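start-v3.txt (compact mmCIF, C-alpha atoms and all ligand atoms) appears below.
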# COMPACT_ATOMS: atom_id res chain seq x y z
CA MET A 1 86.69 130.54 100.49
CA THR A 2 89.68 131.79 102.43
CA SER A 3 90.57 130.85 105.99
CA GLY A 4 88.64 133.85 107.33
CA GLU A 5 85.26 132.79 105.96
CA ARG A 6 82.51 130.73 107.47
CA PRO A 7 83.35 127.02 107.92
CA GLU A 8 81.40 124.26 106.27
CA ARG A 9 79.32 121.66 108.08
CA PRO A 10 79.81 117.92 107.66
CA ALA A 11 77.17 115.58 106.29
CA ARG A 12 75.64 113.89 109.35
CA GLY A 13 74.25 110.46 110.02
CA PRO A 14 74.26 107.29 107.97
CA VAL A 15 74.50 108.11 104.30
CA VAL A 16 74.35 104.74 102.63
CA GLY A 17 71.89 101.91 102.27
CA ARG A 18 68.50 102.36 100.62
CA PRO A 19 67.64 104.98 99.54
CA VAL A 20 70.78 105.56 97.52
CA PRO A 21 72.64 108.70 98.63
CA GLN A 22 71.95 111.63 96.34
CA GLU A 23 75.62 112.36 95.76
CA LEU A 24 75.98 108.95 94.12
CA LEU A 25 73.03 109.59 91.84
CA THR A 26 73.64 113.08 90.52
CA PRO A 27 74.83 114.45 88.24
CA ALA A 28 74.42 111.60 85.77
CA ASN A 29 77.90 110.77 84.47
CA GLY A 30 78.80 114.42 84.81
CA GLU A 31 76.25 115.73 82.35
CA GLY A 32 75.77 119.42 82.76
CA SER A 33 79.23 119.93 84.24
CA ALA A 34 81.53 122.76 83.24
CA ALA A 35 82.83 122.47 79.66
CA SER A 36 86.44 123.04 80.58
CA PRO A 37 87.41 122.51 84.20
CA PRO A 38 90.78 123.83 85.47
CA SER A 39 93.68 122.10 83.72
CA PHE A 40 96.51 120.29 85.51
CA HIS A 41 98.62 123.45 85.21
CA GLU A 42 95.89 125.68 86.58
CA MET A 43 95.22 123.38 89.52
CA TRP A 44 98.92 123.12 90.31
CA ARG A 45 99.39 126.89 90.03
CA ASP A 46 96.39 127.64 92.26
CA LEU A 47 97.61 125.30 94.98
CA SER A 48 101.24 126.33 94.77
CA SER A 49 101.01 129.41 96.97
CA VAL A 50 98.79 127.89 99.67
CA GLY A 51 100.69 127.38 102.92
CA ARG A 52 104.08 128.06 101.35
CA TYR A 53 106.70 129.20 103.82
CA LYS A 54 108.84 131.70 102.01
CA ASP A 55 112.07 131.20 103.97
CA SER A 56 112.38 127.52 103.06
CA GLY A 57 110.20 127.38 99.96
CA GLY A 58 108.45 124.38 101.56
CA TYR A 59 104.88 123.93 102.72
CA ARG A 60 103.36 124.14 106.19
CA ARG A 61 99.86 122.85 105.65
CA TYR A 62 99.01 121.54 109.08
CA ALA A 63 95.69 119.94 109.96
CA TRP A 64 92.94 122.40 110.84
CA SER A 65 95.18 125.44 110.23
CA GLY A 66 94.35 128.39 107.98
CA ALA A 67 96.47 126.88 105.18
CA ASP A 68 94.56 123.61 105.55
CA THR A 69 91.25 125.47 105.32
CA ASP A 70 92.46 127.12 102.12
CA CYS A 71 93.51 123.75 100.64
CA ARG A 72 90.11 122.35 101.53
CA ALA A 73 88.36 125.33 99.89
CA TRP A 74 90.43 124.59 96.79
CA PHE A 75 89.26 120.96 96.80
CA ARG A 76 85.64 121.97 97.09
CA ALA A 77 86.01 124.49 94.26
CA GLN A 78 87.50 121.75 92.03
CA ALA A 79 84.56 119.47 92.78
CA GLU A 80 82.08 122.23 92.01
CA ALA A 81 83.89 123.28 88.83
CA ARG A 82 83.26 119.75 87.55
CA GLY A 83 79.67 119.47 88.69
CA LEU A 84 80.59 116.74 91.19
CA ALA A 85 78.54 116.20 94.33
CA TYR A 86 80.59 117.43 97.26
CA GLU A 87 80.56 115.93 100.77
CA LEU A 88 82.41 116.66 103.97
CA ASP A 89 82.36 113.62 106.24
CA ARG A 90 82.28 113.47 110.03
CA ASN A 91 86.09 113.17 110.23
CA GLY A 92 86.88 116.11 107.99
CA ASN A 93 87.65 114.03 104.89
CA GLN A 94 86.36 115.62 101.70
CA TRP A 95 84.69 113.67 98.90
CA ALA A 96 83.64 114.60 95.36
CA TRP A 97 81.32 112.14 93.65
CA LEU A 98 80.53 111.50 90.03
CA GLY A 99 77.31 109.56 90.18
CA VAL A 100 75.51 107.22 87.85
CA THR A 101 72.12 107.66 86.30
CA SER A 102 69.76 105.58 88.34
CA ALA A 103 69.52 103.81 91.65
CA GLU A 104 69.26 100.51 89.79
CA ASP A 105 72.71 101.04 88.28
CA ILE A 106 74.30 101.25 91.66
CA ALA A 107 75.37 98.16 93.43
CA LEU A 108 76.30 99.85 96.68
CA GLY A 109 79.82 98.91 97.56
CA ASN A 110 81.13 99.16 94.00
CA ALA A 111 82.23 102.78 93.94
CA VAL A 112 85.78 103.42 92.78
CA VAL A 113 87.62 106.12 94.72
CA THR A 114 90.91 107.88 94.06
CA GLY A 115 92.71 110.77 95.77
CA SER A 116 95.24 111.41 98.50
CA HIS A 117 95.85 114.28 100.94
CA LEU A 118 96.66 118.00 100.86
CA ASP A 119 98.34 118.51 104.25
CA SER A 120 102.13 118.52 104.60
CA VAL A 121 105.01 117.81 106.94
CA PRO A 122 106.89 120.89 108.24
CA ASP A 123 108.49 122.48 105.18
CA GLY A 124 107.24 119.66 103.00
CA GLY A 125 107.38 119.43 99.24
CA ALA A 126 104.66 120.29 96.77
CA PHE A 127 104.02 116.73 95.59
CA ASP A 128 103.53 114.44 98.60
CA GLY A 129 99.75 114.33 98.73
CA PRO A 130 98.70 117.09 96.31
CA LEU A 131 99.96 115.17 93.25
CA GLY A 132 97.45 112.42 94.05
CA VAL A 133 94.55 114.84 94.45
CA VAL A 134 95.34 116.99 91.40
CA SER A 135 95.93 113.85 89.31
CA ALA A 136 92.58 112.46 90.43
CA PHE A 137 90.71 115.47 89.06
CA ALA A 138 92.87 115.52 85.92
CA ALA A 139 92.31 111.79 85.31
CA LEU A 140 88.56 112.25 85.63
CA ASP A 141 88.73 115.12 83.10
CA ARG A 142 90.58 112.86 80.65
CA LEU A 143 88.03 110.11 81.01
CA ARG A 144 85.19 112.52 80.38
CA GLU A 145 87.00 113.94 77.34
CA ARG A 146 87.22 110.49 75.86
CA GLY A 147 83.56 109.83 76.58
CA ALA A 148 84.05 107.10 79.18
CA HIS A 149 80.83 105.59 80.41
CA PHE A 150 80.92 105.10 84.16
CA THR A 151 78.99 102.11 85.39
CA VAL A 152 79.78 102.66 89.06
CA PRO A 153 80.15 105.90 91.04
CA LEU A 154 83.60 107.50 91.00
CA GLY A 155 84.79 109.36 94.08
CA ILE A 156 87.72 111.71 94.63
CA VAL A 157 88.87 112.11 98.22
CA ASN A 158 91.09 114.43 100.23
CA PHE A 159 91.93 112.61 103.46
CA GLN A 160 92.34 114.88 106.46
CA ASP A 161 95.62 115.05 108.40
CA GLU A 162 97.62 112.35 106.65
CA GLU A 163 101.05 113.50 107.78
CA GLY A 164 100.26 113.95 111.45
CA ALA A 165 102.62 116.93 111.49
CA ARG A 166 100.61 118.84 114.06
CA PHE A 167 99.17 116.22 116.43
CA GLY A 168 101.84 113.55 116.05
CA LEU A 169 99.66 110.79 114.62
CA ALA A 170 99.60 110.14 110.87
CA CYS A 171 96.50 109.32 108.79
CA VAL A 172 94.04 110.63 111.39
CA GLY A 173 91.17 111.00 108.89
CA SER A 174 91.42 107.48 107.46
CA ARG A 175 92.15 105.91 110.86
CA LEU A 176 89.05 107.49 112.36
CA SER A 177 86.83 106.46 109.47
CA SER A 178 88.08 102.88 109.45
CA GLY A 179 87.89 102.54 113.23
CA GLY A 180 91.64 102.28 113.87
CA LEU A 181 91.48 105.41 116.02
CA THR A 182 88.69 106.02 118.49
CA GLN A 183 87.07 109.35 119.24
CA LYS A 184 88.49 109.17 122.76
CA GLN A 185 92.04 108.60 121.49
CA ALA A 186 91.68 111.40 118.96
CA HIS A 187 90.35 113.79 121.57
CA ALA A 188 93.49 113.21 123.65
CA LEU A 189 95.81 114.41 120.86
CA ARG A 190 97.58 117.72 121.46
CA ASP A 191 99.83 119.87 119.30
CA GLY A 192 103.16 121.40 120.35
CA ASP A 193 101.41 124.48 121.74
CA GLY A 194 99.08 122.40 123.90
CA VAL A 195 96.05 122.90 121.63
CA THR A 196 93.94 119.74 121.63
CA LEU A 197 92.60 118.23 118.44
CA PRO A 198 89.00 119.04 119.47
CA GLN A 199 89.97 122.67 120.11
CA ALA A 200 91.68 122.91 116.71
CA MET A 201 88.69 121.31 115.00
CA GLU A 202 86.28 123.67 116.71
CA ARG A 203 88.35 126.68 115.70
CA ALA A 204 88.19 125.45 112.11
CA GLY A 205 84.42 125.04 112.41
CA HIS A 206 84.31 121.24 112.61
CA ASP A 207 82.36 119.44 115.33
CA PRO A 208 84.84 117.27 117.27
CA ASP A 209 82.00 115.26 118.81
CA ALA A 210 80.99 114.09 115.34
CA ILE A 211 84.24 112.21 114.69
CA GLY A 212 84.36 108.43 114.71
CA PRO A 213 84.01 105.31 112.59
CA ASP A 214 82.26 105.70 109.27
CA PRO A 215 81.58 102.15 108.06
CA GLU A 216 78.59 103.20 105.97
CA ARG A 217 80.65 105.55 103.85
CA LEU A 218 83.52 103.07 103.45
CA SER A 219 81.05 100.34 102.54
CA ARG A 220 80.19 102.25 99.37
CA ILE A 221 83.70 101.68 98.05
CA GLY A 222 84.78 98.69 95.99
CA ALA A 223 88.33 99.90 95.37
CA PHE A 224 90.55 102.82 96.37
CA VAL A 225 93.55 103.80 94.22
CA GLU A 226 95.99 106.44 95.50
CA LEU A 227 98.54 108.02 93.18
CA HIS A 228 101.65 109.36 94.95
CA ILE A 229 105.09 110.68 94.15
CA GLU A 230 107.64 107.94 94.73
CA GLN A 231 109.60 108.57 97.92
CA GLY A 232 112.75 106.86 96.80
CA ARG A 233 114.68 106.19 93.60
CA ALA A 234 113.54 102.74 92.57
CA LEU A 235 111.99 104.05 89.35
CA ALA A 236 114.71 106.63 88.70
CA ALA A 237 117.45 104.00 89.12
CA ARG A 238 116.14 101.78 86.35
CA ALA A 239 118.29 101.52 83.24
CA ASP A 240 117.15 103.46 80.17
CA ALA A 241 115.93 100.36 78.38
CA ASP A 242 113.72 99.60 81.36
CA ALA A 243 112.73 103.18 82.16
CA ARG A 244 109.32 103.70 83.72
CA SER A 245 107.43 106.79 84.82
CA VAL A 246 104.96 104.84 86.95
CA GLY A 247 105.20 101.93 89.38
CA VAL A 248 102.68 100.05 91.49
CA ALA A 249 102.91 99.60 95.27
CA SER A 250 103.44 96.10 96.57
CA ALA A 251 103.69 96.64 100.33
CA ILE A 252 104.27 99.18 103.11
CA TRP A 253 106.79 98.43 105.82
CA PRO A 254 105.52 98.27 109.40
CA HIS A 255 106.36 101.49 111.20
CA GLY A 256 105.69 103.53 114.28
CA ARG A 257 106.47 106.58 116.39
CA TRP A 258 107.83 106.48 119.94
CA ARG A 259 108.28 109.43 122.34
CA PHE A 260 111.41 109.31 124.51
CA ASP A 261 111.36 111.51 127.63
CA PHE A 262 114.83 112.05 129.08
CA GLU A 263 114.47 113.65 132.48
CA GLY A 264 117.50 115.18 134.19
CA GLU A 265 118.10 118.22 136.34
CA ALA A 266 118.18 121.86 135.27
CA ASN A 267 121.26 123.73 136.43
CA HIS A 268 123.68 126.53 135.60
CA ALA A 269 125.82 125.90 132.48
CA GLY A 270 128.68 128.00 133.88
CA THR A 271 128.90 126.78 137.45
CA THR A 272 127.81 123.15 137.63
CA ARG A 273 130.77 120.77 137.78
CA ILE A 274 130.79 118.07 135.11
CA GLU A 275 130.56 115.31 137.72
CA ASP A 276 127.52 116.95 139.36
CA ARG A 277 125.43 117.18 136.22
CA ARG A 278 122.38 115.13 135.27
CA ASP A 279 122.24 116.26 131.68
CA PRO A 280 119.47 114.65 129.59
CA MET A 281 120.96 116.05 126.39
CA LEU A 282 123.80 113.54 126.71
CA THR A 283 121.39 110.64 127.05
CA TYR A 284 119.43 111.92 124.10
CA ALA A 285 122.58 112.23 121.99
CA GLY A 286 123.72 108.72 122.96
CA THR A 287 120.31 107.36 122.04
CA VAL A 288 120.32 109.03 118.61
CA LEU A 289 123.67 107.38 117.83
CA ALA A 290 122.45 104.03 119.14
CA ALA A 291 119.33 104.28 116.98
CA ARG A 292 121.38 104.84 113.89
CA GLU A 293 123.65 101.89 114.66
CA GLU A 294 120.86 99.47 115.56
CA ALA A 295 118.98 100.36 112.39
CA ARG A 296 122.10 99.97 110.27
CA LEU A 297 122.89 96.56 111.70
CA SER A 298 119.34 95.29 111.00
CA GLY A 299 118.71 96.90 107.61
CA ALA A 300 115.96 98.96 109.24
CA LEU A 301 115.42 102.71 109.60
CA ALA A 302 115.39 104.79 112.77
CA THR A 303 115.17 108.57 112.88
CA PHE A 304 114.93 111.18 115.60
CA GLY A 305 113.51 114.04 113.53
CA LYS A 306 111.79 116.06 116.22
CA VAL A 307 113.10 117.18 119.57
CA ALA A 308 111.90 119.52 122.32
CA VAL A 309 114.12 120.82 125.09
CA GLU A 310 113.11 122.34 128.42
CA PRO A 311 113.78 125.01 129.44
CA ASN A 312 115.67 125.51 126.15
CA GLY A 313 118.14 128.12 127.34
CA VAL A 314 121.68 128.50 126.00
CA ASN A 315 123.19 128.80 129.46
CA ALA A 316 121.12 126.15 131.21
CA ILE A 317 121.56 122.39 131.49
CA PRO A 318 118.18 121.07 130.32
CA SER A 319 115.72 119.55 132.76
CA LEU A 320 114.03 117.54 130.02
CA VAL A 321 114.73 116.47 126.47
CA ARG A 322 111.90 114.89 124.56
CA GLY A 323 112.74 113.18 121.28
CA TRP A 324 110.47 111.38 118.86
CA LEU A 325 111.71 108.20 117.21
CA ASP A 326 110.30 107.15 113.84
CA SER A 327 111.30 103.58 113.04
CA ARG A 328 110.47 101.31 110.10
CA ALA A 329 111.57 97.89 108.92
CA ALA A 330 110.69 95.34 106.27
CA ASP A 331 109.04 93.02 108.78
CA GLU A 332 107.41 93.18 112.19
CA ASP A 333 110.07 91.19 114.08
CA THR A 334 112.93 93.35 112.85
CA LEU A 335 111.05 96.51 113.80
CA ALA A 336 110.30 95.19 117.29
CA THR A 337 113.92 94.09 117.78
CA VAL A 338 115.37 97.42 116.64
CA VAL A 339 113.08 99.51 118.83
CA ALA A 340 113.73 97.28 121.86
CA ALA A 341 117.48 97.64 121.31
CA ILE A 342 117.19 101.44 121.10
CA GLU A 343 115.13 101.54 124.32
CA LYS A 344 117.74 99.38 126.06
CA ALA A 345 120.59 101.61 124.88
CA ALA A 346 118.69 104.68 126.10
CA GLY A 347 118.16 103.12 129.53
CA GLU A 348 121.82 102.14 129.86
CA ARG A 349 123.04 105.56 128.81
CA GLY A 350 120.51 107.17 131.17
CA LYS A 351 122.01 105.27 134.11
CA LEU A 352 125.45 106.67 133.33
CA ASP A 353 124.07 110.19 133.09
CA GLY A 354 121.73 110.03 136.11
CA VAL A 355 118.83 110.58 133.74
CA GLN A 356 115.48 108.87 133.82
CA VAL A 357 114.18 107.56 130.50
CA ARG A 358 110.52 106.93 129.75
CA VAL A 359 109.34 105.61 126.38
CA THR A 360 105.76 105.97 125.12
CA ARG A 361 104.59 104.35 121.92
CA GLU A 362 102.49 106.96 120.14
CA SER A 363 101.52 104.93 117.09
CA ARG A 364 102.21 101.63 115.40
CA THR A 365 101.12 100.71 111.91
CA PRO A 366 101.38 97.06 110.89
CA VAL A 367 102.81 95.80 107.62
CA VAL A 368 100.55 96.33 104.62
CA GLU A 369 100.47 93.88 101.74
CA PHE A 370 98.37 95.48 99.00
CA ALA A 371 95.58 93.28 97.59
CA HIS A 372 97.43 90.99 95.17
CA ASP A 373 94.68 90.60 92.61
CA LEU A 374 94.12 94.37 92.34
CA ARG A 375 97.79 95.38 92.29
CA ASP A 376 98.73 92.63 89.81
CA ARG A 377 95.82 93.52 87.53
CA ILE A 378 96.88 97.18 87.58
CA ALA A 379 100.54 96.35 86.94
CA ARG A 380 99.53 94.21 83.95
CA GLN A 381 97.19 96.89 82.65
CA LEU A 382 100.06 99.39 82.78
CA GLY A 383 102.20 97.13 80.61
CA GLY A 384 104.12 95.36 83.35
CA ALA A 385 104.70 98.31 85.70
CA PRO A 386 107.22 97.41 88.42
CA LEU A 387 105.96 96.47 91.88
CA LEU A 388 107.62 98.54 94.60
CA PRO A 389 107.59 98.23 98.39
CA THR A 390 107.92 101.41 100.47
CA GLY A 391 108.72 102.55 103.96
CA ALA A 392 106.29 105.46 103.73
CA GLY A 393 102.84 105.33 105.30
CA HIS A 394 99.70 106.21 103.32
CA ASP A 395 95.92 106.38 103.73
CA ALA A 396 95.74 103.56 101.17
CA GLY A 397 97.65 101.44 103.68
CA ILE A 398 95.28 102.27 106.52
CA LEU A 399 92.23 101.57 104.36
CA SER A 400 93.65 98.27 103.11
CA ALA A 401 92.33 96.66 106.29
CA SER A 402 88.78 97.63 105.28
CA LEU A 403 88.68 97.41 101.46
CA PRO A 404 90.83 96.61 98.40
CA THR A 405 93.37 99.41 97.87
CA ALA A 406 96.21 100.04 95.47
CA MET A 407 98.81 102.73 94.81
CA LEU A 408 100.58 104.16 91.78
CA TYR A 409 103.97 105.82 92.23
CA VAL A 410 105.25 108.56 89.94
CA ARG A 411 109.01 108.67 89.34
CA ASN A 412 111.01 111.02 91.53
CA PRO A 413 114.42 111.73 89.96
CA THR A 414 116.20 112.45 93.23
CA GLY A 415 114.07 110.33 95.55
CA VAL A 416 113.90 113.29 97.96
CA SER A 417 110.63 113.71 99.83
CA HIS A 418 109.38 115.50 102.97
CA SER A 419 111.58 118.38 101.85
CA PRO A 420 111.15 121.49 99.69
CA ALA A 421 113.45 119.76 97.17
CA GLU A 422 110.83 117.07 96.45
CA PHE A 423 110.24 117.03 92.69
CA ALA A 424 108.79 115.12 89.76
CA GLN A 425 109.21 115.94 86.08
CA GLU A 426 106.10 117.24 84.35
CA ASP A 427 106.25 114.42 81.75
CA ASP A 428 106.18 111.86 84.53
CA CYS A 429 103.25 113.60 86.24
CA VAL A 430 101.36 113.55 82.93
CA ALA A 431 102.20 109.86 82.50
CA GLY A 432 100.90 109.30 86.04
CA ILE A 433 97.60 110.99 85.18
CA ALA A 434 97.29 108.87 82.01
CA ALA A 435 98.00 105.71 84.00
CA LEU A 436 95.50 106.66 86.69
CA ALA A 437 92.86 107.39 84.03
CA ASP A 438 93.44 103.95 82.46
CA VAL A 439 93.23 102.24 85.84
CA LEU A 440 90.03 104.05 86.76
CA GLU A 441 88.54 103.28 83.39
CA GLY A 442 89.33 99.61 83.89
CA LEU A 443 87.66 99.62 87.28
CA ALA A 444 84.73 101.99 86.85
CA CYS A 445 83.74 102.07 83.18
CA ARG A 446 82.20 99.82 80.62
C1 LIG A 501 104.02 109.69 105.77
O1 LIG A 501 104.39 110.30 104.79
C2 LIG A 501 104.98 108.87 106.49
O2 LIG A 501 105.38 107.84 105.97
O3 LIG A 501 105.40 109.29 107.56
MN MN A 502 104.35 112.16 103.53
MN MN A 503 101.63 111.32 101.28

As structure tokens, what does this structure read like?
Ligand code: GLV
Ligand code: MN
Ligand code: MN
Amino acid sequence: MTSGERPERPARGPVVGRPVPQELLTPANGEGSAASPPSFHEMWRDLSSVGRYKDSGGYRRYAWSGADTDCRAWFRAQAEARGLAYELDRNGNQWAWLGVTSAEDIALGNAVVTGSHLDSVPDGGAFDGPLGVVSAFAALDRLRERGAHFTVPLGIVNFQDEEGARFGLACVGSRLSSGGLTQKQAHALRDGDGVTLPQAMERAGHDPDAIGPDPERLSRIGAFVELHIEQGRALAARADADARSVGVASAIWPHGRWRFDFEGEANHAGTTRIEDRRDPMLTYAGTVLAAREEARLSGALATFGKVAVEPNGVNAIPSLVRGWLDSRAADEDTLATVVAAIEKAAGERGKLDGVQVRVTRESRTPVVEFAHDLRDRIARQLGGAPLLPTGAGHDAGILSASLPTAMLYVRNPTGVSHSPAEFAQEDDCVAGIAALADVLEGLACR
């Protein structure tokens, strides 16, 4: 399907409990599925042009956009090419299920799920998200080729709106399903053009009144494993003798997003005396420098990566500058201290400039410590794969509050991510698929 065609409808109502949902029962271990589903190369090639912005070479796959619809059509086609039972849930997350033979074989709550997301940041790379989804299908294909016998259902998921590039909040699909975001909060989200999330959903053919917690669906799952490109150089920096293509996540730093509104006074750039100005751009600039310094002093991270200026004219002093702070730290106290210090610096600078500063916390994600038994078991199974903490947020982190989750990282030679330059070597991607297949086999097969 392309973005112009008719949208699909989500599965409604409770879908778990007795009787066992059909998608978990059929087809039996994939019997009757296509003999040769699209290969890793074919999947990667087919996705590579979707939502690509030719000027930068990066991707603009924003939630509920045409590019997103095309990615989602791709996911559905992959599920169907493999004879998997396809589901769209109330929050726009897509699922592809490989069932087991009989209701008696299913202990509900034991399904093993893998996958990631297909949306991107502005001008994002090809790997952040898609590598986890493509690898999920490729790992399943490997397991089938080697005749693996699945004793629990296997699911592949594409979580909706992981990056939060359009509506400002990351992991919307997994937050809604796990109850960390309410329907009311989600309905209040707006993009940069003033389009609300419900409006965008409706335009994409999804019912915004259907969104909300989905405990029944999550209660099917015994473990979720997300494969992701590493967003750093911990694997790449290892010495040759210790070289590794794949690592295992240990923890995710606490992080959040704060909106800073700097309100001054619009005036003429050519006639307003310096001493008469109330220029919010100065306060913004001072705050950006303070953020960098506070983060440096505490070993934390603080970034103003998005800014909006009103009225945004070359020859006008702005009336308003709005900047979004993304801050992350290894522990909760450090994060709180750094953000408080940045707010204080903004207020002090605002007084000097005659500018009012208002700070709104838009999201806050607590520290995630991945389930030790699962992550340690996986690391052992992969021959002592290194355990790596990260500052990047993931759906696996959001879901870790509801069920055991784990992550595999694939080596990134430059560490660059959220950029068109994001890259992983093909050999490392193939090693990631092999590792994911082994992990899934250990969890879902006899
Ligand atoms: C998601 O990639 C995030 O960490 O912002
Ligand atoms: Mn990302
Ligand atoms: Mn990601």

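The spacing separating CA of Ser402 (chain A) from CA of Leu218 (chain A) amounts to 7.8 Å.
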
Residues within 10 Å of (86.2, 109.0, 79.6), counting all atoms listed in the file, listed as JSON, numbers by chain: {"A": [29, 139, 140, 141, 142, 143, 144, 145, 146, 147, 148, 149, 150, 437, 438, 440, 441, 445]}

Can you check which parts of chain A lie within 12 Å of ligand MN 503 (chain A)? Per residue, the shortest pair of atoms and distance in Å to one decimal, counting only C-alpha atoms and all ligand atoms, sorted by chain and number, as a tab-separated table.
residue	atom	partner	partner_atom	distance
A:Gly115	CA	A:MN503	MN	10.5
A:Ser116	CA	A:MN503	MN	7.0
A:His117	CA	A:MN503	MN	6.5
A:Leu118	CA	A:MN503	MN	8.3
A:Asp119	CA	A:MN503	MN	8.4
A:Ser120	CA	A:MN503	MN	7.9
A:Val121	CA	A:MN503	MN	9.3
A:Gly124	CA	A:MN503	MN	10.2
A:Gly125	CA	A:MN503	MN	10.1
A:Ala126	CA	A:MN503	MN	10.5
A:Phe127	CA	A:MN503	MN	8.2
A:Asp128	CA	A:MN503	MN	4.5
A:Gly129	CA	A:MN503	MN	4.4
A:Pro130	CA	A:MN503	MN	8.2
A:Leu131	CA	A:MN503	MN	9.1
A:Gly132	CA	A:MN503	MN	8.4
A:Val133	CA	A:MN503	MN	10.4
A:Asn158	CA	A:MN503	MN	11.0
A:Phe159	CA	A:MN503	MN	10.0
A:Gln160	CA	A:MN503	MN	11.2
A:Asp161	CA	A:MN503	MN	10.0
A:Glu162	CA	A:MN503	MN	6.8
A:Glu163	CA	A:MN503	MN	6.9
A:Gly164	CA	A:MN503	MN	10.6
A:Ala165	CA	A:MN503	MN	11.7
A:Ala170	CA	A:MN503	MN	9.9
A:Cys171	CA	A:MN503	MN	9.3
A:Glu226	CA	A:MN503	MN	9.4
A:Leu227	CA	A:MN503	MN	9.3
A:His228	CA	A:MN503	MN	6.6
A:Ile229	CA	A:MN503	MN	8.0
A:Glu230	CA	A:MN503	MN	9.5
A:Gln231	CA	A:MN503	MN	9.1
A:Thr390	CA	A:MN503	MN	11.8
A:Gly391	CA	A:MN503	MN	11.6
A:Ala392	CA	A:MN503	MN	7.9
A:Gly393	CA	A:MN503	MN	7.3
A:His394	CA	A:MN503	MN	5.8
A:Asp395	CA	A:MN503	MN	7.9
A:Ala396	CA	A:MN503	MN	9.7
A:Gly397	CA	A:MN503	MN	10.9
A:Met407	CA	A:MN503	MN	11.1
A:Leu408	CA	A:MN503	MN	11.9
A:Tyr409	CA	A:MN503	MN	10.8
A:Ser417	CA	A:MN503	MN	9.4
A:His418	CA	A:MN503	MN	9.0
A:Glu422	CA	A:MN503	MN	11.9

Take every atom of region 197-213 of chain A listed in the file, fit an axis-aligned box around them, add 5 Å per side, and give the centre and edge lengths in Å to one decimal as AutoDock Vina command-line options.
--center_x 86.8 --center_y 116.0 --center_z 116.1 --size_x 21.6 --size_y 31.4 --size_z 18.0

Write out as an MDAnalysis selection string the residues lying within 12 Å of Phe262 (chain A), counting only C-alpha atoms and excluding same-chain residues fewer than 2 positions away. chainID A and resid 259:260 264:265 278:287 307:310 318:324 343 346:347 349:351 353:360

Separation of CA of Asn412 (chain A) from CA of Ala379 (chain A) in Å: 18.6 Å

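In this model, the gap between CA of Arg375 (chain A) and CA of Ala236 (chain A) comes to 20.6 Å.
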
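When all atoms listed in the file are used to measure the gap to ligand LIG 501 (chain A), the shortest distance among A:Leu181, A:Ile398, A:Ala81, A:Ala188 belongs to A:Ile398.
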
With only C-alpha atoms as the counted atoms, please give the residues lying no more than 7 Å from Ala300 (chain A), apart from itself and same-chain residues fewer than 5 positions off, as number ranges by chain. A: 295, 328-329

Determine the nearest neighbour of Gln381 (chain A) from the options A:Asp193, A:Ala435, A:Glu275, A:Gly58, counting all atoms listed in the file.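 Closest candidate: A:Ala435.
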
Which of these residues is nearest to ligand MN 502 (chain A), using only C-alpha atoms and all ligand atoms: A:His372, A:Met43, A:Ile378, A:Gly232?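 Closest to ligand MN 502 (chain A), using only C-alpha atoms and all ligand atoms: A:Gly232.
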
Starting from the incomplete input, reconstruct N, CA and C atoms of region 131-140 of chain A and report them as a PDB file, keeping the file's coordinate frame.
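Done, and the output landed in out-v2.pdb:
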ATOM      1  N   LEU A 131      99.892 115.777  94.597  1.00  0.00           N
ATOM      2  CA  LEU A 131      99.960 115.170  93.250  1.00  0.00           C
ATOM      3  C   LEU A 131      98.833 114.156  93.080  1.00  0.00           C
ATOM      4  N   GLY A 132      98.515 113.423  94.138  1.00  0.00           N
ATOM      5  CA  GLY A 132      97.450 112.420  94.050  1.00  0.00           C
ATOM      6  C   GLY A 132      96.070 113.032  93.904  1.00  0.00           C
ATOM      7  N   VAL A 133      95.873 114.202  94.519  1.00  0.00           N
ATOM      8  CA  VAL A 133      94.550 114.840  94.450  1.00  0.00           C
ATOM      9  C   VAL A 133      94.388 115.545  93.096  1.00  0.00           C
ATOM     10  N   VAL A 134      95.402 116.302  92.700  1.00  0.00           N
ATOM     11  CA  VAL A 134      95.340 116.990  91.400  1.00  0.00           C
ATOM     12  C   VAL A 134      95.216 115.961  90.273  1.00  0.00           C
ATOM     13  N   SER A 135      95.984 114.873  90.366  1.00  0.00           N
ATOM     14  CA  SER A 135      95.930 113.850  89.310  1.00  0.00           C
ATOM     15  C   SER A 135      94.567 113.184  89.263  1.00  0.00           C
ATOM     16  N   ALA A 136      93.916 113.078  90.413  1.00  0.00           N
ATOM     17  CA  ALA A 136      92.580 112.460  90.430  1.00  0.00           C
ATOM     18  C   ALA A 136      91.601 113.301  89.613  1.00  0.00           C
ATOM     19  N   PHE A 137      91.606 114.607  89.843  1.00  0.00           N
ATOM     20  CA  PHE A 137      90.710 115.470  89.060  1.00  0.00           C
ATOM     21  C   PHE A 137      91.103 115.446  87.573  1.00  0.00           C
ATOM     22  N   ALA A 138      92.417 115.492  87.324  1.00  0.00           N
ATOM     23  CA  ALA A 138      92.870 115.520  85.920  1.00  0.00           C
ATOM     24  C   ALA A 138      92.534 114.213  85.208  1.00  0.00           C
ATOM     25  N   ALA A 139      92.625 113.086  85.922  1.00  0.00           N
ATOM     26  CA  ALA A 139      92.310 111.790  85.310  1.00  0.00           C
ATOM     27  C   ALA A 139      90.816 111.715  84.979  1.00  0.00           C
ATOM     28  N   LEU A 140      90.003 112.224  85.899  1.00  0.00           N
ATOM     29  CA  LEU A 140      88.560 112.250  85.630  1.00  0.00           C
ATOM     30  C   LEU A 140      88.283 113.098  84.376  1.00  0.00           C
TER      31      LEU A 140
END
